[in-house]
file query_9.txt (compact mmCIF, C-alpha atoms and all ligand atoms)
# COMPACT_ATOMS: atom_id res chain seq x y z
CA MET N 1 -32.93 22.20 3.14
CA VAL N 2 -31.45 25.35 4.68
CA ILE N 3 -29.76 27.86 2.38
CA LEU N 4 -27.36 30.63 3.46
CA ASN N 5 -25.91 33.04 0.86
CA GLY N 6 -26.83 30.49 -1.78
CA ILE N 7 -25.00 27.68 0.03
CA ASN N 8 -26.88 24.52 0.90
CA LEU N 9 -26.06 24.01 4.58
CA SER N 10 -27.06 20.40 4.64
CA ARG N 11 -23.90 18.96 3.08
CA ILE N 12 -20.49 18.32 4.65
CA ILE N 13 -17.72 17.56 2.16
CA LEU N 14 -14.15 16.51 2.90
CA HIS N 15 -11.37 16.79 0.33
CA ILE N 16 -8.14 14.88 0.84
CA ASP N 17 -4.97 15.58 -1.12
CA MET N 18 -1.84 13.54 -0.43
CA ASP N 19 1.31 15.52 0.30
CA TYR N 20 4.12 15.44 -2.35
CA PHE N 21 2.52 12.18 -3.36
CA PHE N 22 4.89 10.36 -5.74
CA ALA N 23 7.93 11.41 -3.71
CA GLN N 24 6.31 10.45 -0.41
CA CYS N 25 5.48 7.00 -1.85
CA GLU N 26 9.17 6.63 -2.75
CA GLU N 27 10.17 7.62 0.78
CA ARG N 28 7.91 4.91 2.14
CA GLU N 29 9.36 2.38 -0.27
CA HIS N 30 12.96 3.41 0.46
CA PRO N 31 13.05 4.68 4.07
CA GLU N 32 16.78 5.33 3.80
CA ILE N 33 16.20 8.35 1.51
CA LYS N 34 13.92 10.14 3.98
CA GLY N 35 15.29 13.54 4.96
CA ARG N 36 17.12 13.97 1.66
CA PRO N 37 15.77 15.92 -1.32
CA VAL N 38 13.82 13.44 -3.49
CA VAL N 39 12.94 14.14 -7.11
CA VAL N 40 10.61 11.88 -9.10
CA CYS N 41 11.28 12.15 -12.82
CA VAL N 42 9.61 11.31 -16.10
CA TYR N 43 12.58 10.36 -18.27
CA SER N 44 11.85 10.89 -21.94
CA GLY N 45 14.61 8.44 -22.83
CA ARG N 46 16.17 10.63 -25.50
CA SER N 47 19.31 11.25 -23.51
CA GLU N 48 20.34 10.39 -19.99
CA ASP N 49 18.83 13.44 -18.28
CA SER N 50 16.18 14.47 -20.75
CA GLY N 51 12.68 14.70 -19.34
CA ALA N 52 10.84 16.60 -16.65
CA VAL N 53 10.32 16.52 -12.91
CA SER N 54 7.01 14.93 -11.94
CA THR N 55 7.16 15.96 -8.30
CA SER N 56 9.63 16.54 -5.50
CA ASN N 57 9.53 16.33 -1.73
CA TYR N 58 9.61 19.46 0.42
CA GLU N 59 13.38 19.23 0.96
CA ALA N 60 13.89 19.37 -2.81
CA ARG N 61 11.36 22.20 -3.19
CA LYS N 62 13.64 24.32 -0.99
CA PHE N 63 16.13 24.20 -3.87
CA GLY N 64 13.45 25.39 -6.29
CA ILE N 65 12.80 21.95 -7.75
CA ARG N 66 9.16 21.72 -8.83
CA ALA N 67 6.91 19.67 -11.10
CA GLY N 68 7.49 20.45 -14.74
CA ILE N 69 11.08 21.71 -14.68
CA PRO N 70 13.68 19.85 -16.78
CA ILE N 71 15.59 17.09 -14.98
CA SER N 72 18.87 18.63 -16.12
CA ARG N 73 17.93 21.85 -14.32
CA ALA N 74 16.95 19.99 -11.17
CA LYS N 75 20.34 18.26 -11.17
CA LYS N 76 22.07 21.63 -11.28
CA LEU N 77 19.90 22.99 -8.46
CA ALA N 78 20.54 20.00 -6.18
CA PRO N 79 23.20 17.61 -7.48
CA ASP N 80 23.05 15.50 -4.31
CA ALA N 81 19.30 14.93 -4.43
CA VAL N 82 17.87 11.44 -4.95
CA PHE N 83 16.53 11.15 -8.51
CA LEU N 84 14.05 8.35 -9.17
CA PRO N 85 11.91 7.35 -12.17
CA VAL N 86 8.11 7.36 -11.89
CA ASN N 87 6.78 4.05 -10.58
CA MET N 88 3.08 4.38 -11.33
CA GLU N 89 2.21 0.86 -10.21
CA LEU N 90 3.50 1.67 -6.72
CA TYR N 91 1.58 4.96 -6.54
CA ARG N 92 -1.64 3.31 -7.75
CA SER N 93 -1.43 0.62 -5.12
CA ILE N 94 -0.79 3.14 -2.37
CA SER N 95 -3.62 5.25 -3.74
CA ASP N 96 -5.92 2.22 -3.51
CA GLU N 97 -5.02 1.81 0.15
CA VAL N 98 -5.86 5.45 0.85
CA MET N 99 -9.13 5.36 -1.10
CA GLU N 100 -10.19 2.26 0.77
CA ILE N 101 -9.83 4.09 4.09
CA LEU N 102 -11.72 7.11 2.75
CA ARG N 103 -14.50 4.91 1.43
CA GLU N 104 -14.94 3.24 4.81
CA HIS N 105 -15.61 6.58 6.50
CA SER N 106 -17.77 8.26 3.84
CA ASP N 107 -21.21 7.95 2.32
CA ARG N 108 -19.54 8.17 -1.08
CA ILE N 109 -16.17 9.16 -2.47
CA GLU N 110 -15.18 10.70 -5.77
CA GLN N 111 -11.59 9.99 -6.63
CA GLU N 112 -10.39 12.97 -8.60
CA SER N 113 -6.88 11.85 -9.36
CA VAL N 114 -4.37 9.34 -8.10
CA ASP N 115 -3.74 11.40 -4.97
CA GLU N 116 -7.00 13.16 -4.16
CA ALA N 117 -10.65 12.51 -3.49
CA TYR N 118 -13.85 14.18 -2.34
CA CYS N 119 -15.76 12.44 0.44
CA ASP N 120 -19.40 13.13 1.20
CA MET N 121 -19.62 12.97 5.02
CA THR N 122 -23.17 14.28 5.31
CA GLY N 123 -24.62 10.99 6.51
CA LYS N 124 -21.67 10.19 8.80
CA VAL N 125 -21.57 13.25 11.05
CA HIS N 126 -24.02 15.72 12.56
CA ASP N 127 -22.06 18.93 12.17
CA PHE N 128 -18.74 20.48 11.17
CA ASP N 129 -17.19 19.83 14.60
CA GLU N 130 -17.82 16.13 14.26
CA ALA N 131 -16.56 16.26 10.69
CA LYS N 132 -13.32 17.78 11.95
CA GLU N 133 -12.93 15.02 14.55
CA LEU N 134 -13.54 12.41 11.87
CA ALA N 135 -11.04 14.04 9.50
CA ILE N 136 -8.41 13.95 12.25
CA ARG N 137 -9.08 10.24 12.74
CA ILE N 138 -8.94 9.58 8.98
CA LYS N 139 -5.62 11.43 8.68
CA GLN N 140 -4.26 9.39 11.58
CA GLU N 141 -5.49 6.15 10.07
CA ILE N 142 -3.85 6.97 6.73
CA LYS N 143 -0.65 7.77 8.62
CA ASN N 144 -0.75 4.54 10.62
CA LYS N 145 -1.90 2.10 7.97
CA VAL N 146 -0.46 3.59 4.79
CA GLY N 147 2.41 5.56 6.29
CA LEU N 148 1.75 8.82 4.43
CA THR N 149 0.64 12.31 5.37
CA CYS N 150 -2.09 14.18 3.58
CA SER N 151 -3.85 17.52 3.76
CA ALA N 152 -7.57 17.78 4.38
CA GLY N 153 -10.20 20.43 3.77
CA ILE N 154 -13.78 20.48 5.00
CA GLY N 155 -16.48 22.68 3.58
CA PRO N 156 -20.14 22.82 2.61
CA ASN N 157 -19.34 21.76 -0.97
CA LYS N 158 -16.60 20.38 -3.22
CA LEU N 159 -15.37 23.76 -4.39
CA VAL N 160 -14.69 25.04 -0.87
CA ALA N 161 -13.37 21.70 0.45
CA LYS N 162 -10.79 21.51 -2.32
CA ILE N 163 -9.47 25.01 -1.73
CA ALA N 164 -9.40 24.29 2.01
CA SER N 165 -7.27 21.15 1.59
CA ASP N 166 -4.68 23.21 -0.26
CA PHE N 167 -4.70 26.00 2.34
CA GLN N 168 -2.30 24.44 4.83
CA LYS N 169 0.21 22.00 3.45
CA PRO N 170 1.73 19.56 4.28
CA ASP N 171 -0.20 17.55 6.89
CA GLY N 172 -2.83 20.28 7.16
CA LEU N 173 -6.47 20.38 8.13
CA THR N 174 -8.64 23.39 7.31
CA VAL N 175 -12.30 23.63 8.18
CA VAL N 176 -14.42 26.30 6.49
CA MET N 177 -17.83 26.65 8.11
CA PRO N 178 -20.70 27.73 5.84
CA ASP N 179 -20.82 31.21 7.38
CA GLU N 180 -17.05 31.64 6.90
CA VAL N 181 -16.99 30.81 3.19
CA LEU N 182 -17.10 34.37 1.86
CA GLN N 183 -14.36 35.72 4.11
CA PHE N 184 -12.22 32.60 3.52
CA LEU N 185 -12.37 32.97 -0.26
CA ALA N 186 -12.20 36.76 -0.54
CA PRO N 187 -8.39 37.25 -0.32
CA LEU N 188 -7.45 34.22 -2.44
CA LYS N 189 -6.25 34.27 -6.06
CA ILE N 190 -8.90 33.65 -8.69
CA THR N 191 -6.93 30.68 -10.05
CA ASP N 192 -7.33 28.99 -6.65
CA LEU N 193 -10.87 28.18 -7.83
CA SER N 194 -10.38 24.82 -9.50
CA GLY N 195 -12.02 25.43 -12.86
CA ALA N 196 -10.64 28.95 -13.33
CA GLY N 197 -7.55 28.38 -15.44
CA LYS N 198 -4.53 30.58 -15.99
CA LYS N 199 -6.04 32.33 -19.03
CA THR N 200 -9.28 33.13 -17.22
CA GLY N 201 -7.30 34.43 -14.27
CA GLU N 202 -5.17 36.69 -16.47
CA ARG N 203 -8.21 38.10 -18.27
CA LEU N 204 -9.95 38.82 -14.95
CA ASN N 205 -6.80 40.53 -13.66
CA GLU N 206 -6.88 42.76 -16.76
CA LEU N 207 -10.50 43.58 -15.93
CA GLY N 208 -9.38 44.63 -12.45
CA ALA N 209 -10.27 41.57 -10.36
CA MET N 210 -7.19 40.12 -8.64
CA THR N 211 -8.88 38.17 -5.85
CA ILE N 212 -11.93 35.95 -5.52
CA GLY N 213 -13.52 38.69 -3.42
CA GLU N 214 -13.08 41.20 -6.25
CA LEU N 215 -14.45 38.69 -8.73
CA SER N 216 -17.55 38.24 -6.57
CA LYS N 217 -18.30 41.95 -6.92
CA MET N 218 -18.39 41.81 -10.71
CA SER N 219 -21.84 41.55 -12.23
CA ALA N 220 -23.05 38.30 -13.73
CA GLU N 221 -23.90 40.24 -16.92
CA ASP N 222 -20.32 41.44 -17.36
CA LEU N 223 -18.94 37.98 -16.71
CA VAL N 224 -21.34 36.37 -19.17
CA ARG N 225 -20.47 38.96 -21.81
CA GLU N 226 -16.76 38.22 -21.32
CA PHE N 227 -16.79 34.42 -20.85
CA GLY N 228 -20.11 33.21 -22.25
CA GLN N 229 -23.19 32.01 -20.41
CA ALA N 230 -22.01 28.82 -18.71
CA LYS N 231 -18.55 30.01 -17.65
CA GLY N 232 -19.79 33.49 -16.67
CA ILE N 233 -22.46 32.16 -14.36
CA TRP N 234 -20.09 29.58 -12.95
CA LEU N 235 -17.47 32.25 -12.12
CA LYS N 236 -20.07 34.40 -10.39
CA GLN N 237 -21.30 31.51 -8.27
CA ALA N 238 -17.88 30.02 -7.56
CA SER N 239 -16.61 33.40 -6.35
CA GLN N 240 -19.36 33.27 -3.73
CA GLY N 241 -18.47 29.73 -2.77
CA ILE N 242 -21.61 28.31 -4.33
CA ASP N 243 -21.29 24.83 -5.80
CA ALA N 244 -24.10 22.30 -5.98
CA SER N 245 -22.15 19.58 -7.79
CA PRO N 246 -22.63 16.22 -6.08
CA VAL N 247 -19.92 13.79 -5.00
CA VAL N 248 -20.21 11.04 -7.59
CA GLU N 249 -18.30 7.80 -7.78
CA ARG N 250 -16.39 7.82 -11.05
CA THR N 251 -16.76 4.62 -12.93
CA GLY N 252 -16.00 5.01 -16.61
CA THR N 253 -12.27 5.15 -16.14
CA GLY N 254 -9.97 4.07 -13.41
CA GLN N 255 -10.22 0.93 -11.44
CA ILE N 256 -12.13 -0.84 -8.73
CA GLY N 257 -10.27 -2.56 -5.99
CA ARG N 258 -10.20 -3.59 -2.42
CA ILE N 259 -7.30 -4.31 -0.11
CA ILE N 260 -7.62 -5.86 3.31
CA THR N 261 -5.23 -6.37 6.19
CA LEU N 262 -4.88 -10.04 7.09
CA LYS N 263 -5.66 -10.98 10.68
CA GLU N 264 -2.02 -11.89 11.06
CA ASN N 265 1.00 -11.84 8.80
CA THR N 266 1.07 -15.09 6.86
CA ASN N 267 2.32 -16.99 3.81
CA GLN N 268 -0.26 -19.78 4.15
CA PRO N 269 -1.96 -20.28 0.76
CA GLY N 270 -5.19 -21.48 2.39
CA ILE N 271 -5.65 -18.30 4.41
CA ILE N 272 -4.64 -16.05 1.55
CA LEU N 273 -6.87 -17.77 -1.00
CA ASP N 274 -9.84 -17.53 1.38
CA ALA N 275 -9.19 -13.81 1.64
CA VAL N 276 -8.98 -13.58 -2.15
CA SER N 277 -12.35 -15.29 -2.52
CA GLU N 278 -13.88 -12.84 -0.10
CA LEU N 279 -12.29 -9.91 -1.93
CA SER N 280 -13.64 -11.27 -5.21
CA GLU N 281 -17.19 -11.07 -3.87
CA ASN N 282 -16.65 -7.51 -2.76
CA VAL N 283 -15.20 -6.40 -6.09
CA HIS N 284 -17.96 -8.25 -7.93
CA GLY N 285 -20.57 -6.34 -5.91
CA LYS N 286 -18.97 -3.00 -6.78
CA LEU N 287 -18.84 -3.90 -10.48
CA LYS N 288 -22.49 -4.91 -10.46
CA ASP N 289 -23.52 -1.67 -8.76
CA ARG N 290 -21.80 0.30 -11.47
CA GLU N 291 -22.75 -1.97 -14.36
CA LEU N 292 -19.22 -2.32 -15.61
CA SER N 293 -17.15 -5.08 -17.10
CA PHE N 294 -13.38 -5.23 -16.91
CA ARG N 295 -10.56 -6.64 -18.93
CA SER N 296 -7.65 -6.62 -16.51
CA ILE N 297 -7.40 -8.02 -13.04
CA ALA N 298 -4.55 -7.86 -10.55
CA PHE N 299 -3.65 -9.55 -7.31
CA ILE N 300 -1.93 -7.15 -4.92
CA ALA N 301 0.23 -8.32 -2.05
CA ILE N 302 1.81 -6.11 0.56
CA SER N 303 4.57 -7.91 2.39
CA THR N 304 5.57 -7.30 5.99
CA ASP N 305 8.33 -4.90 4.85
CA LEU N 306 5.50 -2.83 3.23
CA LYS N 307 6.72 -3.62 -0.29
CA ILE N 308 3.90 -3.80 -2.79
CA HIS N 309 3.80 -6.66 -5.26
CA THR N 310 1.29 -7.00 -8.06
CA LYS N 311 0.55 -9.74 -10.50
CA SER N 312 -1.95 -9.07 -13.23
CA HIS N 313 -3.77 -10.80 -16.03
CA LEU N 314 -5.57 -9.58 -19.14
CA LEU N 315 -8.80 -11.34 -20.10
CA ALA N 316 -9.47 -12.21 -23.73
CA THR N 317 -12.98 -10.76 -23.47
CA PRO N 318 -14.46 -8.37 -20.89
CA ALA N 319 -16.29 -10.00 -18.00
CA ASN N 320 -18.04 -9.10 -14.77
CA ASP N 321 -19.20 -12.35 -13.25
CA LEU N 322 -18.09 -13.59 -9.87
CA ASP N 323 -16.78 -16.86 -11.20
CA THR N 324 -14.35 -15.20 -13.62
CA ILE N 325 -13.13 -12.78 -10.96
CA ARG N 326 -12.63 -15.43 -8.32
CA THR N 327 -10.95 -17.94 -10.62
CA ALA N 328 -8.58 -15.35 -12.10
CA ALA N 329 -7.75 -13.78 -8.75
CA ARG N 330 -7.08 -17.10 -7.05
CA ARG N 331 -4.90 -18.23 -9.94
CA LEU N 332 -2.87 -15.02 -9.72
CA ALA N 333 -2.52 -15.36 -5.96
CA ARG N 334 -1.43 -18.97 -6.20
CA ALA N 335 1.15 -18.14 -8.86
CA PHE N 336 2.41 -15.22 -6.79
CA LEU N 337 2.82 -17.36 -3.67
CA GLU N 338 4.75 -20.00 -5.59
CA GLU N 339 7.13 -17.39 -6.97
CA ASN N 340 7.54 -15.27 -3.83
CA PRO N 341 8.39 -16.77 -0.47
CA VAL N 342 7.36 -13.70 1.54
CA MET N 343 5.16 -13.08 4.56
CA LEU N 344 2.11 -11.02 3.63
CA ARG N 345 0.47 -8.32 5.67
CA ARG N 346 -2.25 -7.16 3.27
CA VAL N 347 -3.78 -8.54 0.11
CA GLY N 348 -6.05 -7.04 -2.50
CA ILE N 349 -7.68 -7.39 -5.88
CA ARG N 350 -8.02 -4.71 -8.47
CA VAL N 351 -9.90 -4.75 -11.75
CA ALA N 352 -9.48 -2.14 -14.48
CA ASP N 353 -9.81 -1.46 -18.22
CA PHE N 354 -13.56 -1.10 -18.05
CA VAL N 355 -16.19 -1.32 -20.71
CA GLU N 356 -19.76 -0.24 -20.04
CA GLY N 357 -22.41 -2.88 -19.64
CA LYS N 358 -22.44 -6.52 -18.78
CA GLY N 359 -19.59 -7.59 -21.00
CA GLN N 360 -19.59 -10.96 -22.68
CA LYS N 361 -23.07 -12.09 -23.48
CA THR N 362 -24.04 -15.46 -22.16
CA LEU N 363 -25.35 -17.99 -24.67
CA GLY N 364 -28.92 -17.39 -23.55
CA GLU N 365 -28.80 -13.76 -24.64
CA PHE N 366 -28.06 -14.49 -28.30
P1 LIG G 401 1.54 18.66 -2.90
O1 LIG G 401 0.12 18.18 -3.08
O2 LIG G 401 1.72 20.08 -3.22
O3 LIG G 401 2.11 18.32 -1.55
O4 LIG G 401 2.44 17.88 -3.95
P2 LIG G 401 2.05 16.75 -4.98
O5 LIG G 401 3.31 16.23 -5.57
O6 LIG G 401 1.18 15.71 -4.34
O7 LIG G 401 1.27 17.56 -6.09
P3 LIG G 401 -0.14 17.31 -6.78
O8 LIG G 401 -1.17 16.97 -5.76
O9 LIG G 401 -0.39 18.49 -7.64
O10 LIG G 401 0.11 16.08 -7.74
C1 LIG G 401 -0.02 14.74 -7.34
C2 LIG G 401 0.95 13.89 -8.12
O11 LIG G 401 0.74 14.03 -9.52
C3 LIG G 401 2.40 14.28 -7.90
O12 LIG G 401 2.99 13.67 -6.76
C4 LIG G 401 3.06 13.88 -9.18
C5 LIG G 401 1.99 14.06 -10.22
N1 LIG G 401 2.20 15.33 -10.91
C6 LIG G 401 1.86 16.58 -10.50
N2 LIG G 401 2.24 17.52 -11.35
C7 LIG G 401 2.84 16.85 -12.37
C8 LIG G 401 3.46 17.25 -13.61
O13 LIG G 401 3.55 18.43 -13.93
N3 LIG G 401 3.96 16.26 -14.39
C9 LIG G 401 3.87 14.92 -14.05
N4 LIG G 401 4.37 14.00 -14.87
N5 LIG G 401 3.31 14.51 -12.92
C10 LIG G 401 2.81 15.45 -12.08
CA CA G 402 -0.93 16.21 -3.63
CA CA G 403 -3.43 16.41 -6.15
call {"tool": "encode", "arguments": {"input": "query_9.txt", "output": "structure tokens"}}
result
Amino acid sequence: MVILNGINLSRIILHIDMDYFFAQCEEREHPEIKGRPVVVCVYSGRSEDSGAVSTSNYEARKFGIRAGIPISRAKKLAPDAVFLPVNMELYRSISDEVMEILREHSDRIEQESVDEAYCDMTGKVHDFDEAKELAIRIKQEIKNKVGLTCSAGIGPNKLVAKIASDFQKPDGLTVVMPDEVLQFLAPLKITDLSGAGKKTGERLNELGAMTIGELSKMSAEDLVREFGQAKGIWLKQASQGIDASPVVERTGTGQIGRIITLKENTNQPGIILDAVSELSENVHGKLKDRELSFRSIAFIAISTDLKIHTKSHLLATPANDLDTIRTAARRLARAFLEENPVMLRRVGIRVADFVEGKGQKTLGEF
């Protein structure tokens, strides 16, 4: 292992963050709204316009419409914008498609939220130049297959990769080589370090540190006195771009799924059910690796017009065996095909609502 300024040079981490994610998903779903300001809203339901903006596309941001502002205010800022309610099921399905692509090109991925993930590329590339080439290909593949743009950051660890992905947006790609980390971070705001919240940033500003570079010059002792042992040491290290945290698959929450593109567009039950059986085996393998059981299972179908359809089922008791997955998934697929006379382009299975362990005990275990 080679260390430079405390940074382990042997890792190459990519962070991907989707651009204006919810709004971009809506643009894909409704191509006719592209080019107009789009505002995705969480309606509280109390009155017609009560609630807050969840996100907006870049056209709407030009009017000052941002996440968190009241919908009523957004309507005053841009009365002609397109206002849409959050459609989480759509965003999750699109997120699954993106994660699937990332997983294919990485040793491991850690999905941090619905629209971002860390990818450990260490075993896939020899150096940062190759990592950059691969990131360009991944961005292109996401654009071609999913239809969305994202921003990417590459660095020697998660901390640097995440800041890098946010550096040029939208559709950006920023590579920070290990020997560039200090100069890259130095001019940035302290709150750009994910983990340094607003309060920490304000307190550090009061103490005279406005930038990450200024923070890095403070002594560990002073930081520990101010913020306690763990946080103080973390701030000192983070300000120098040091972060040893590994990329770990998150299992406790979330979902496990897989979506594949069919060899050709089809509505033939035989072909689709074969694909579902294959997907069941894949999902079963992932569940076994992570020792999880699930309660809910969904069949996902993406039709040739790129519309996403899902049909889900809740099990009475948690399970994780192949037979349950395959039977439930095939039943959902069959029911979907009977109800929807559409041509399919991609199909998938997703399981969620996890409990730790093997789930229902078999008779032999009692
Ligand atoms: P970006 O990354 O700056 O191009 O824009 P977004 O919209 O992708 O922003 P990001 O990555 O912070 O958040 C991802 C999604 O999470 C976003 O599309 C909607 C949702 N989200 C973000 N902030 C809020 C919020 O304050 N409230 C709610 N309800 N949802 C939010
Ligand atoms: Ca984003
Ligand atoms: Ca994000």
call {"tool": "atom_distance", "arguments": {"input": "query_9.txt", "atom1": "atom CA of Pro318 of chain N", "atom2": "atom CA of Phe294 of chain N"}}
result
5.2 Å
call {"tool": "closest_atom_pairs", "arguments": {"input": "query_9.txt", "of": "chain N", "to": "ligand LIG 401 (chain G)", "cutoff": "7 Å", "atoms": "all atoms listed in the file", "output": "JSON lines"}}
result
{"residue": "N:Asp17", "atom": "CA", "partner": "G:LIG401", "partner_atom": "O1", "distance": 6.0}
{"residue": "N:Met18", "atom": "CA", "partner": "G:LIG401", "partner_atom": "O6", "distance": 5.4}
{"residue": "N:Asp19", "atom": "CA", "partner": "G:LIG401", "partner_atom": "O3", "distance": 3.5}
{"residue": "N:Tyr20", "atom": "CA", "partner": "G:LIG401", "partner_atom": "O4", "distance": 3.4}
{"residue": "N:Phe21", "atom": "CA", "partner": "G:LIG401", "partner_atom": "O12", "distance": 3.7}
{"residue": "N:Phe22", "atom": "CA", "partner": "G:LIG401", "partner_atom": "O12", "distance": 4.0}
{"residue": "N:Ala23", "atom": "CA", "partner": "G:LIG401", "partner_atom": "O12", "distance": 6.2}
{"residue": "N:Val42", "atom": "CA", "partner": "G:LIG401", "partner_atom": "N4", "distance": 6.0}
{"residue": "N:Val53", "atom": "CA", "partner": "G:LIG401", "partner_atom": "N3", "distance": 6.5}
{"residue": "N:Ser54", "atom": "CA", "partner": "G:LIG401", "partner_atom": "C9", "distance": 3.8}
{"residue": "N:Thr55", "atom": "CA", "partner": "G:LIG401", "partner_atom": "C4", "distance": 4.7}
{"residue": "N:Ser56", "atom": "CA", "partner": "G:LIG401", "partner_atom": "O5", "distance": 6.3}
{"residue": "N:Ala67", "atom": "CA", "partner": "G:LIG401", "partner_atom": "O13", "distance": 4.6}
{"residue": "N:Gly68", "atom": "CA", "partner": "G:LIG401", "partner_atom": "O13", "distance": 4.5}
{"residue": "N:Val114", "atom": "CA", "partner": "G:LIG401", "partner_atom": "C1", "distance": 7.0}
{"residue": "N:Asp115", "atom": "CA", "partner": "G:LIG401", "partner_atom": "C1", "distance": 5.5}
{"residue": "N:Lys169", "atom": "CA", "partner": "G:LIG401", "partner_atom": "O3", "distance": 6.5}
{"residue": "N:Pro170", "atom": "CA", "partner": "G:LIG401", "partner_atom": "O3", "distance": 6.0}
call {"tool": "closest_residue", "arguments": {"input": "query_9.txt", "among": "N:Arg36, N:Lys189, N:His30, N:Arg326", "to": "Lys307 of chain N", "atoms": "all atoms listed in the file"}}
result
N:His30
call {"tool": "residues_near_point", "arguments": {"input": "query_9.txt", "point": "(16.7, 4.5, -14.8)", "cutoff": "8 Å", "atoms": "all atoms listed in the file", "output": "list in words"}}
result
Tyr43, Leu84 and Pro85 of chain N
call {"tool": "write_last_selection", "arguments": {"input": "query_9.txt", "atoms": "C-alpha atoms", "output": "PDB file, keeping the file's coordinate frame"}}
result
ATOM      1  CA  TYR N  43      12.580  10.360 -18.270  1.00  0.00           C
ATOM      2  CA  LEU N  84      14.050   8.350  -9.170  1.00  0.00           C
ATOM      3  CA  PRO N  85      11.910   7.350 -12.170  1.00  0.00           C
TER       4      PRO N  85
END
call {"tool": "atom_distance", "arguments": {"input": "query_9.txt", "atom1": "atom CA of Val175 of chain N", "atom2": "atom CA of Glu130 of chain N"}}
result
11.1 Å
call {"tool": "closest_residue", "arguments": {"input": "query_9.txt", "among": "N:Arg334, N:Arg346, N:Arg295, N:Lys162", "to": "ligand CA 403 (chain G)", "atoms": "all atoms listed in the file"}}
result
N:Lys162
call {"tool": "atom_distance", "arguments": {"input": "query_9.txt", "atom1": "atom CA of Tyr118 of chain N", "atom2": "atom CA of Arg11 of chain N"}}
result
12.4 Å
call {"tool": "closest_residue", "arguments": {"input": "query_9.txt", "among": "N:Ser95, N:Gln268, N:Thr191, N:Gln229", "to": "Gly254 of chain N", "atoms": "all atoms listed in the file"}}
result
N:Ser95
call {"tool": "closest_residue", "arguments": {"input": "query_9.txt", "among": "N:Lys124, N:Arg92, N:Lys198, N:Arg108", "to": "His309 of chain N", "atoms": "only C-alpha atoms"}}
result
N:Arg92
call {"tool": "residues_around", "arguments": {"input": "query_9.txt", "residues": "segment 218-221 of chain N", "least_positions_apart": "3", "cutoff": "8 Å", "atoms": "only C-alpha atoms", "output": "MDAnalysis selection string"}}
result
chainID N and resid 214:215 224:225 232:233 236
call {"tool": "write_last_selection", "arguments": {"input": "query_9.txt", "atoms": "C-alpha atoms", "output": "CSV table (one decimal), keeping the file's coordinate frame"}}
result
chain,number,residue,atom,x,y,z
N,214,GLU,CA,-13.1,41.2,-6.2
N,215,LEU,CA,-14.4,38.7,-8.7
N,224,VAL,CA,-21.3,36.4,-19.2
N,225,ARG,CA,-20.5,39.0,-21.8
N,232,GLY,CA,-19.8,33.5,-16.7
N,233,ILE,CA,-22.5,32.2,-14.4
N,236,LYS,CA,-20.1,34.4,-10.4
call {"tool": "residues_near_point", "arguments": {"input": "query_9.txt", "point": "(-17.7, -9.4, -9.2)", "cutoff": "8 Å", "atoms": "all atoms listed in the file", "output": "ChimeraX atom specification"}}
result
/N:280-288,320-323,325-326
call {"tool": "closest_residue", "arguments": {"input": "query_9.txt", "among": "N:Gly45, N:Gly172, N:Pro178, N:Gly348", "to": "ligand CA 402 (chain G)", "atoms": "only C-alpha atoms and all ligand atoms"}}
result
N:Gly172
call {"tool": "closest_residue", "arguments": {"input": "query_9.txt", "among": "N:Met121, N:Cys150, N:Ser72, N:Asp49", "to": "ligand CA 402 (chain G)", "atoms": "all atoms listed in the file"}}
result
N:Cys150
call {"tool": "residues_around", "arguments": {"input": "query_9.txt", "residues": "Asn205 of chain N", "least_positions_apart": "3", "cutoff": "10 Å", "atoms": "all atoms listed in the file", "output": "VMD selection string"}}
result
chain N and resid 189 to 190 199 to 202 208 to 211 214 to 215
call {"tool": "write_last_selection", "arguments": {"input": "query_9.txt", "atoms": "C-alpha atoms", "output": "short mmCIF file (atom, residue, chain, number, x, y, z; two decimals), in the coordinates of the input"}}
result
data_model
loop_
_atom_site.label_atom_id
_atom_site.label_comp_id
_atom_site.auth_asym_id
_atom_site.auth_seq_id
_atom_site.Cartn_x
_atom_site.Cartn_y
_atom_site.Cartn_z
CA LYS N 189 -6.25 34.27 -6.06
CA ILE N 190 -8.90 33.65 -8.69
CA LYS N 199 -6.04 32.33 -19.03
CA THR N 200 -9.28 33.13 -17.22
CA GLY N 201 -7.30 34.43 -14.27
CA GLU N 202 -5.17 36.69 -16.47
CA GLY N 208 -9.38 44.63 -12.45
CA ALA N 209 -10.27 41.57 -10.36
CA MET N 210 -7.19 40.12 -8.64
CA THR N 211 -8.88 38.17 -5.85
CA GLU N 214 -13.08 41.20 -6.25
CA LEU N 215 -14.45 38.69 -8.73
#
